[in-house]
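Source file final05.txt; content: compact mmCIF, C-alpha atoms.
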# COMPACT_ATOMS: atom_id res chain seq x y z
CA MET M 1057 -65.61 39.09 66.50
CA ILE M 1058 -63.94 41.42 69.01
CA MET M 1059 -63.17 44.96 67.94
CA LYS M 1060 -59.77 45.04 69.63
CA TYR M 1061 -58.44 42.94 66.75
CA ILE M 1062 -59.30 45.64 64.22
CA ILE M 1063 -56.28 47.62 63.02
CA PRO M 1064 -56.77 51.16 61.71
CA ILE M 1065 -53.93 51.23 59.17
CA LEU M 1066 -53.09 48.34 56.87
CA ILE M 1067 -49.78 48.11 55.06
CA ILE M 1068 -49.99 44.89 53.06
CA SER M 1069 -47.41 43.46 50.68
CA ILE M 1070 -47.01 40.08 49.04
CA LEU M 1071 -47.21 37.47 51.78
CA LYS M 1072 -44.76 34.60 51.65
CA LEU M 1073 -46.21 32.05 54.03
CA PRO M 1074 -45.14 28.46 54.73
CA SER M 1075 -47.08 25.63 53.16
CA PHE M 1076 -49.12 23.29 55.33
CA ALA M 1077 -50.93 20.00 54.82
CA GLN M 1078 -53.52 20.26 52.07
CA ILE M 1079 -57.09 20.47 53.30
CA GLY M 1080 -58.65 20.63 49.85
CA ASN M 1081 -59.44 16.90 49.97
CA TYR M 1082 -62.04 17.61 52.64
CA ILE M 1083 -63.75 20.55 50.90
CA SER M 1084 -65.58 20.24 47.60
CA SER M 1085 -68.74 21.42 45.89
CA ALA M 1086 -70.15 17.89 46.09
CA LYS M 1087 -69.48 17.66 49.83
CA LEU M 1088 -71.04 21.06 50.52
CA LYS M 1089 -74.19 20.16 48.57
CA GLU M 1090 -74.42 16.87 50.43
CA THR M 1091 -73.92 18.36 53.90
CA LEU M 1092 -75.54 21.78 54.03
CA GLU M 1093 -79.24 22.63 54.09
CA ASN M 1094 -81.10 25.90 53.63
CA GLU M 1095 -81.79 26.56 57.28
CA GLN M 1096 -81.22 28.90 60.19
CA LEU M 1097 -79.61 27.74 63.41
CA ILE M 1098 -80.09 30.03 66.40
CA TYR M 1099 -77.47 29.95 69.17
CA ARG M 1100 -77.61 31.41 72.66
CA MET M 1101 -74.30 33.04 73.51
CA SER M 1102 -73.10 33.03 77.11
CA GLN M 1103 -69.99 33.89 79.08
CA ASN M 1104 -69.35 31.99 82.31
CA GLY M 1105 -73.03 31.06 82.35
CA ASP M 1106 -74.37 34.61 81.84
CA SER M 1107 -76.34 35.34 78.69
CA MET M 1108 -74.63 37.64 76.17
CA GLY M 1109 -77.12 37.52 73.31
CA TYR M 1110 -77.85 35.47 70.22
CA THR M 1111 -76.24 34.38 66.97
CA LYS M 1112 -78.31 33.49 63.93
CA ALA M 1113 -76.38 31.15 61.62
CA ILE M 1114 -77.97 31.04 58.18
CA TYR M 1115 -76.77 28.27 55.87
CA PHE M 1116 -77.59 28.35 52.17
CA VAL M 1117 -76.88 26.07 49.21
CA ASN M 1118 -78.04 25.83 45.59
CA ASN M 1119 -76.51 24.76 42.28
CA ILE M 1120 -74.36 27.89 42.02
CA GLU M 1121 -73.10 28.74 45.50
CA ALA M 1122 -73.13 27.71 49.13
CA GLY M 1123 -72.19 29.51 52.27
CA TYR M 1124 -72.95 30.99 55.61
CA LYS M 1125 -74.50 34.19 56.88
CA GLU M 1126 -74.29 35.30 60.48
CA GLU M 1127 -76.33 37.86 62.38
CA VAL M 1128 -75.21 38.68 65.90
CA SER M 1129 -76.70 40.89 68.58
CA ALA M 1130 -74.79 40.64 71.83
CA ILE M 1131 -73.49 42.56 74.82
CA PHE M 1132 -69.70 42.66 75.32
CA SER M 1133 -68.31 44.52 78.34
CA GLY M 1134 -71.66 46.23 78.80
CA LYS M 1135 -71.80 47.52 75.22
CA LEU M 1136 -73.99 46.39 72.33
CA MET M 1137 -72.31 44.73 69.37
CA GLU M 1138 -74.18 44.03 66.13
CA GLU M 1139 -72.56 42.00 63.41
CA GLN M 1140 -73.48 40.69 59.96
CA ILE M 1141 -71.24 38.30 58.03
CA ASN M 1142 -71.69 36.67 54.64
CA CYS M 1143 -69.24 34.05 53.32
CA VAL M 1144 -69.85 32.57 49.85
CA TYR M 1145 -68.30 29.53 48.15
CA ASP M 1146 -68.49 29.18 44.35
CA LEU M 1147 -69.80 25.67 43.67
CA GLN M 1148 -69.32 25.86 39.89
CA ASN M 1149 -65.61 26.65 40.16
CA ASP M 1150 -64.98 24.93 43.51
CA LYS M 1151 -63.37 27.97 45.18
CA PHE M 1152 -64.09 30.75 47.61
CA LYS M 1153 -66.03 33.61 46.07
CA SER M 1154 -66.49 36.40 48.60
CA ALA M 1155 -66.84 37.42 52.22
CA GLU M 1156 -68.31 40.51 53.82
CA SER M 1157 -68.69 41.73 57.38
CA ASP M 1158 -70.35 44.78 58.88
CA ILE M 1159 -69.79 45.32 62.60
CA THR M 1160 -70.87 48.09 64.95
CA TYR M 1161 -69.52 48.19 68.51
CA ALA M 1162 -69.27 51.00 71.04
CA GLY M 1163 -69.96 53.61 68.38
CA ASN M 1164 -67.32 52.28 65.98
CA THR M 1165 -68.08 50.73 62.60
CA PHE M 1166 -65.97 48.17 60.75
CA LYS M 1167 -66.72 47.14 57.19
CA PHE M 1168 -64.87 44.44 55.27
CA LYS M 1169 -65.40 43.13 51.76
CA GLY M 1170 -63.21 40.53 50.09
CA ASN M 1171 -63.36 38.94 46.64
CA TRP M 1172 -61.34 35.81 45.95
CA LEU M 1173 -59.54 35.94 42.60
CA ASP M 1174 -57.41 33.32 40.88
CA SER M 1175 -54.43 31.71 42.67
CA ASN M 1176 -55.86 32.44 46.15
CA LYS M 1177 -55.51 36.22 45.72
CA ILE M 1178 -57.94 38.31 47.76
CA GLN M 1179 -58.99 41.78 46.71
CA VAL M 1180 -60.04 43.41 49.98
CA LYS M 1181 -61.63 46.66 51.06
CA VAL M 1182 -61.59 47.63 54.73
CA ASN M 1183 -63.63 50.75 55.42
CA SER M 1184 -62.10 53.11 52.80
CA LEU M 1185 -58.84 51.20 52.23
CA ASP M 1186 -58.20 48.83 49.31
CA THR M 1187 -55.43 46.27 48.96
CA LEU M 1188 -54.54 42.92 47.41
CA LEU M 1189 -53.44 39.91 49.45
CA ILE M 1190 -51.46 37.08 47.85
CA PRO M 1191 -51.41 34.23 50.37
CA ASP M 1192 -50.94 30.48 50.05
CA GLU M 1193 -53.92 28.13 50.15
CA HIS M 1194 -56.17 29.07 53.08
CA LEU M 1195 -59.66 29.05 54.58
CA GLU M 1196 -61.70 32.10 55.50
CA ARG M 1197 -62.17 32.20 59.29
CA THR M 1198 -65.98 32.05 59.41
CA PHE M 1199 -66.00 29.16 56.94
CA SER M 1200 -63.38 27.30 58.98
CA ILE M 1201 -65.45 27.63 62.19
CA PHE M 1202 -69.01 27.08 61.02
CA ILE M 1203 -68.67 24.93 57.88
CA LEU M 1204 -65.38 22.98 57.96
CA PRO M 1205 -66.26 21.04 61.16
CA ARG M 1206 -69.45 19.82 59.46
CA LEU M 1207 -67.38 18.42 56.58
CA ILE M 1208 -64.78 16.54 58.64
CA TYR M 1209 -66.58 15.57 61.88
CA ASN M 1210 -66.89 11.87 60.98
CA LYS M 1211 -63.16 11.23 60.46
CA ASP M 1212 -60.47 10.83 63.10
CA ILE M 1213 -58.07 13.25 61.46
CA ASN M 1214 -55.70 16.05 62.35
CA VAL M 1215 -55.11 18.60 59.61
CA ARG M 1216 -53.41 21.98 59.42
CA TYR M 1217 -54.28 24.99 57.31
CA LEU M 1218 -54.00 28.75 57.07
CA GLN M 1219 -56.95 30.68 58.42
CA PHE M 1220 -57.67 34.17 57.10
CA ASN M 1221 -59.15 36.59 59.63
CA SER M 1222 -60.82 39.61 58.04
CA MET M 1223 -60.72 41.51 61.35
CA ASP M 1224 -56.97 42.08 61.11
CA LEU M 1225 -56.14 40.64 57.64
CA ARG M 1226 -53.79 38.12 59.22
CA PHE M 1227 -53.21 34.49 58.29
CA ARG M 1228 -52.72 32.07 61.17
CA GLN M 1229 -51.70 28.43 61.21
CA ILE M 1230 -54.58 26.34 62.56
CA SER M 1231 -54.71 22.68 63.51
CA ALA M 1232 -58.08 20.94 63.40
CA SER M 1233 -58.32 17.64 65.23
CA VAL M 1234 -61.39 15.43 65.28
CA ASP M 1235 -62.41 13.17 68.15
CA THR M 1236 -65.19 10.80 67.03
CA SER M 1237 -65.46 8.91 70.33
CA GLU M 1238 -68.80 8.92 72.18
CA LYS M 1239 -69.64 12.41 73.44
CA HIS M 1240 -73.22 12.71 74.68
CA ILE M 1241 -74.28 16.36 74.96
CA SER M 1242 -77.53 17.57 76.53
CA THR M 1243 -79.25 20.07 74.23
CA LYS M 1244 -82.67 21.64 73.86
CA PHE M 1245 -83.36 18.89 71.33
CA GLY M 1246 -82.39 16.05 73.64
CA VAL M 1247 -79.13 14.22 74.19
CA LYS M 1248 -76.96 14.24 71.08
CA ASN M 1249 -74.02 11.96 70.27
CA CYS M 1250 -71.34 14.36 69.01
CA SER M 1251 -67.89 14.43 67.54
CA VAL M 1252 -65.62 17.19 68.80
CA VAL M 1253 -63.63 19.27 66.33
CA SER M 1254 -60.93 21.23 68.16
CA LEU M 1255 -59.42 24.27 66.47
CA LYS M 1256 -56.11 25.49 67.88
CA GLY M 1257 -53.83 28.32 66.85
CA GLY M 1258 -56.31 31.05 65.93
CA VAL M 1259 -57.43 34.19 67.72
CA ALA M 1260 -59.45 31.97 70.06
CA GLU M 1261 -59.05 28.20 70.41
CA GLN M 1262 -62.36 26.41 70.46
CA ASP M 1263 -64.09 23.04 70.69
CA ILE M 1264 -66.95 22.51 68.26
CA TYR M 1265 -69.53 19.80 68.99
CA VAL M 1266 -71.09 18.34 65.84
CA ASP M 1267 -74.17 16.12 66.01
CA LYS M 1268 -73.22 12.84 64.31
CA GLU M 1269 -76.78 12.29 63.09
CA THR M 1270 -77.45 15.65 61.43
CA SER M 1271 -73.94 17.21 61.06
CA ARG M 1272 -75.29 20.35 62.77
CA ILE M 1273 -73.08 22.21 65.21
CA VAL M 1274 -74.91 22.04 68.56
CA ARG M 1275 -72.31 23.67 70.79
CA ILE M 1276 -69.16 25.78 70.53
CA VAL M 1277 -66.96 26.27 73.59
CA ILE M 1278 -64.16 28.86 73.80
CA PRO M 1279 -62.49 27.90 77.11
CA ALA M 1280 -60.04 30.81 77.45
CA MET M 1281 -62.87 33.35 77.26
CA GLY M 1282 -65.52 31.35 79.09
CA TRP M 1283 -67.75 31.64 76.01
CA GLU M 1284 -70.30 29.09 74.88
CA TYR M 1285 -72.69 28.91 71.95
CA ASP M 1286 -75.66 26.55 72.39
CA LEU M 1287 -78.14 25.64 69.67
CA ILE M 1288 -81.65 26.60 70.79
CA ASP M 1289 -83.73 26.77 67.59
CA ILE M 1290 -83.82 25.46 64.00
CA ARG M 1291 -85.74 27.26 61.27
CA SER M 1292 -86.18 26.87 57.52
CA ASN M 1293 -84.94 29.69 55.28
Can I see the file as structure tokens?
Amino acid sequence: MIMKYIIPILIISILKLPSFAQIGNYISSAKLKETLENEQLIYRMSQNGDSMGYTKAIYFVNNIEAGYKEEVSAIFSGKLMEEQINCVYDLQNDKFKSAESDITYAGNTFKFKGNWLDSNKIQVKVNSLDTLLIPDEHLERTFSIFILPRLIYNKDINVRYLQFNSMDLRFRQISASVDTSEKHISTKFGVKNCSVVSLKGGVAEQDIYVDKETSRIVRIVIPAMGWEYDLIDIRSN
């Protein structure tokens, strides 16, 4: 989300990356249809207790595709940042379809558009630049933060995967560990019994609290930055 990770010039060649444990067993069209609902989850963003703004997480699912849209309006270092993200999964072919992001911060604009082709290839356009990435099996970053935890929260597992970050076109090794022990979290909707999905190895390591009853993410904590996302509203699409 932070503009400092944007690089102005991209020189991309065929990427030869190491293989990690398969995560495909935990992601499927059937699982996405079963887990996701057409709804909007509104999060208050804060840093060290001070309000930064709001994130609107819009989940969508039908017989053709499922995914996640994000709308952010927040203040970082005294400057307004506005962000829109759209990540789409193809339910008919059980594969990623596309991802887009449009970010404005401190007078700068960043636009990304990626289309997932066969064999994990990604045709990307960043502002006016076009290129083709050829990575190993991976997860798009937004999907891995806002959807993956909802698919694996009820299993005591520890998996590794490659995460693709559209902000710098880099692939990072991530480990996702799930703690299903009793974690009672106070929320606007009462005390929730949550599992904690911890993501380590990315741009920012984070702990994601998933309500065991609804599979909704009720809190995200990024300790190194003092950031916290707290669920404050639920709306139908």
Nearest candidate to Met1223 in chain M (options M:Leu1287, M:Val1180, M:Ile1278, M:Ile1131; using all atoms listed in the file):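 The closest residue to Met1223 in chain M is M:Val1180.
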Let me have the centre and edge lengths of the axis-aligned box enclosing all listed atoms of range 1206-1213 of chain M with 3 Å padding on every side, in Å to one decimal, as AutoDock Vina command-line options.
--center_x -63.8 --center_y 15.3 --center_z 59.8 --size_x 17.4 --size_y 15.0 --size_z 12.5
Correct to one decimal, the distance CA of Ile1213 in chain M-CA of Leu1088 in chain M is 18.7 Å
Kindly indicate which residue among M:Val1259, M:Val1182, M:Val1252, M:Leu1204 lies nearest to Val1234 in chain M, using all atoms listed in the file for the distances.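 That would be M:Val1252, the residue with the smallest distance to Val1234 in chain M.
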Nearest-residue call for Asp1263 in chain M, choices M:Thr1198, M:Ala1232, M:Met1108, M:Asn1249, using all atoms listed in the file: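 Comparing M:Thr1198, M:Ala1232, M:Met1108, M:Asn1249 against Asp1263 in chain M, the winner is M:Ala1232.
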Quick check, in Å to one decimal: how far apart do CA of Glu1284 in chain M and CA of Arg1100 in chain M lie?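 A separation of 8.0 Å between them.
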When you count all atoms listed in the file, which of these residues is closest to Ala1086 in chain M: M:Ala1260, M:Met1137, M:Met1281, M:Leu1207?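 That would be M:Leu1207, the residue with the smallest distance to Ala1086 in chain M.
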Atom-to-atom span, CA of Lys1256 in chain M and CA of Gln1219 in chain M, Å: 10.8 Å
Selection near His1240 in chain M, 8 Å with all atoms listed in the file, sequence-local residues under 5 positions removed, as a list in words: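 Within the cut-off, the hits are Val1247, Lys1248, Asn1249 and Cys1250 of chain M.
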Go through M:Leu1218, M:Ala1155, M:Met1101, M:Val1144 and flag the residue nearest Ile1120 in chain M, using all atoms listed in the file for the distances.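 Using all atoms listed in the file, the shortest distance to Ile1120 in chain M belongs to M:Val1144.
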Which residues come within 9 Å of Ser1129 in chain M, counting only C-alpha atoms, excluding same-chain residues fewer than 4 positions away, as a list in words?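 With the cut-off at 9 Å, the set is Met1108, Gly1109, Tyr1110, Thr1111, Lys1112, Leu1136, Met1137, Glu1138 and Glu1139 of chain M.
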With only C-alpha atoms as the atoms that count, which of M:Arg1216, M:Arg1206, M:Lys1244, M:Lys1167 lies nearest to Glu1269 in chain M?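 Looking only at the distances to Glu1269 in chain M, the closest residue turns out to be M:Arg1206.
Near (-65.5, 44.0, 54.4), the residues that fall inside 7 Å on the basis of all atoms listed in the file are Glu1156, Ser1157, Asp1158, Lys1167, Phe1168, Lys1169, Gly1170, Lys1181 and Val1182 of chain M.
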Tell me, as a PDB file with C-alpha atoms, in the coordinates of the input, which residues lie within 9 Å of Trp1283 in chain M, counting only C-alpha atoms; anything in the same chain fewer than 5 positions away does not count.
ATOM      1  CA  MET M1101     -74.300  33.040  73.510  1.00  0.00           C
ATOM      2  CA  SER M1102     -73.100  33.030  77.110  1.00  0.00           C
ATOM      3  CA  GLN M1103     -69.990  33.890  79.080  1.00  0.00           C
ATOM      4  CA  ASN M1104     -69.350  31.990  82.310  1.00  0.00           C
ATOM      5  CA  GLY M1105     -73.030  31.060  82.350  1.00  0.00           C
ATOM      6  CA  ILE M1276     -69.160  25.780  70.530  1.00  0.00           C
ATOM      7  CA  VAL M1277     -66.960  26.270  73.590  1.00  0.00           C
ATOM      8  CA  ILE M1278     -64.160  28.860  73.800  1.00  0.00           C
TER       9      ILE M1278
END
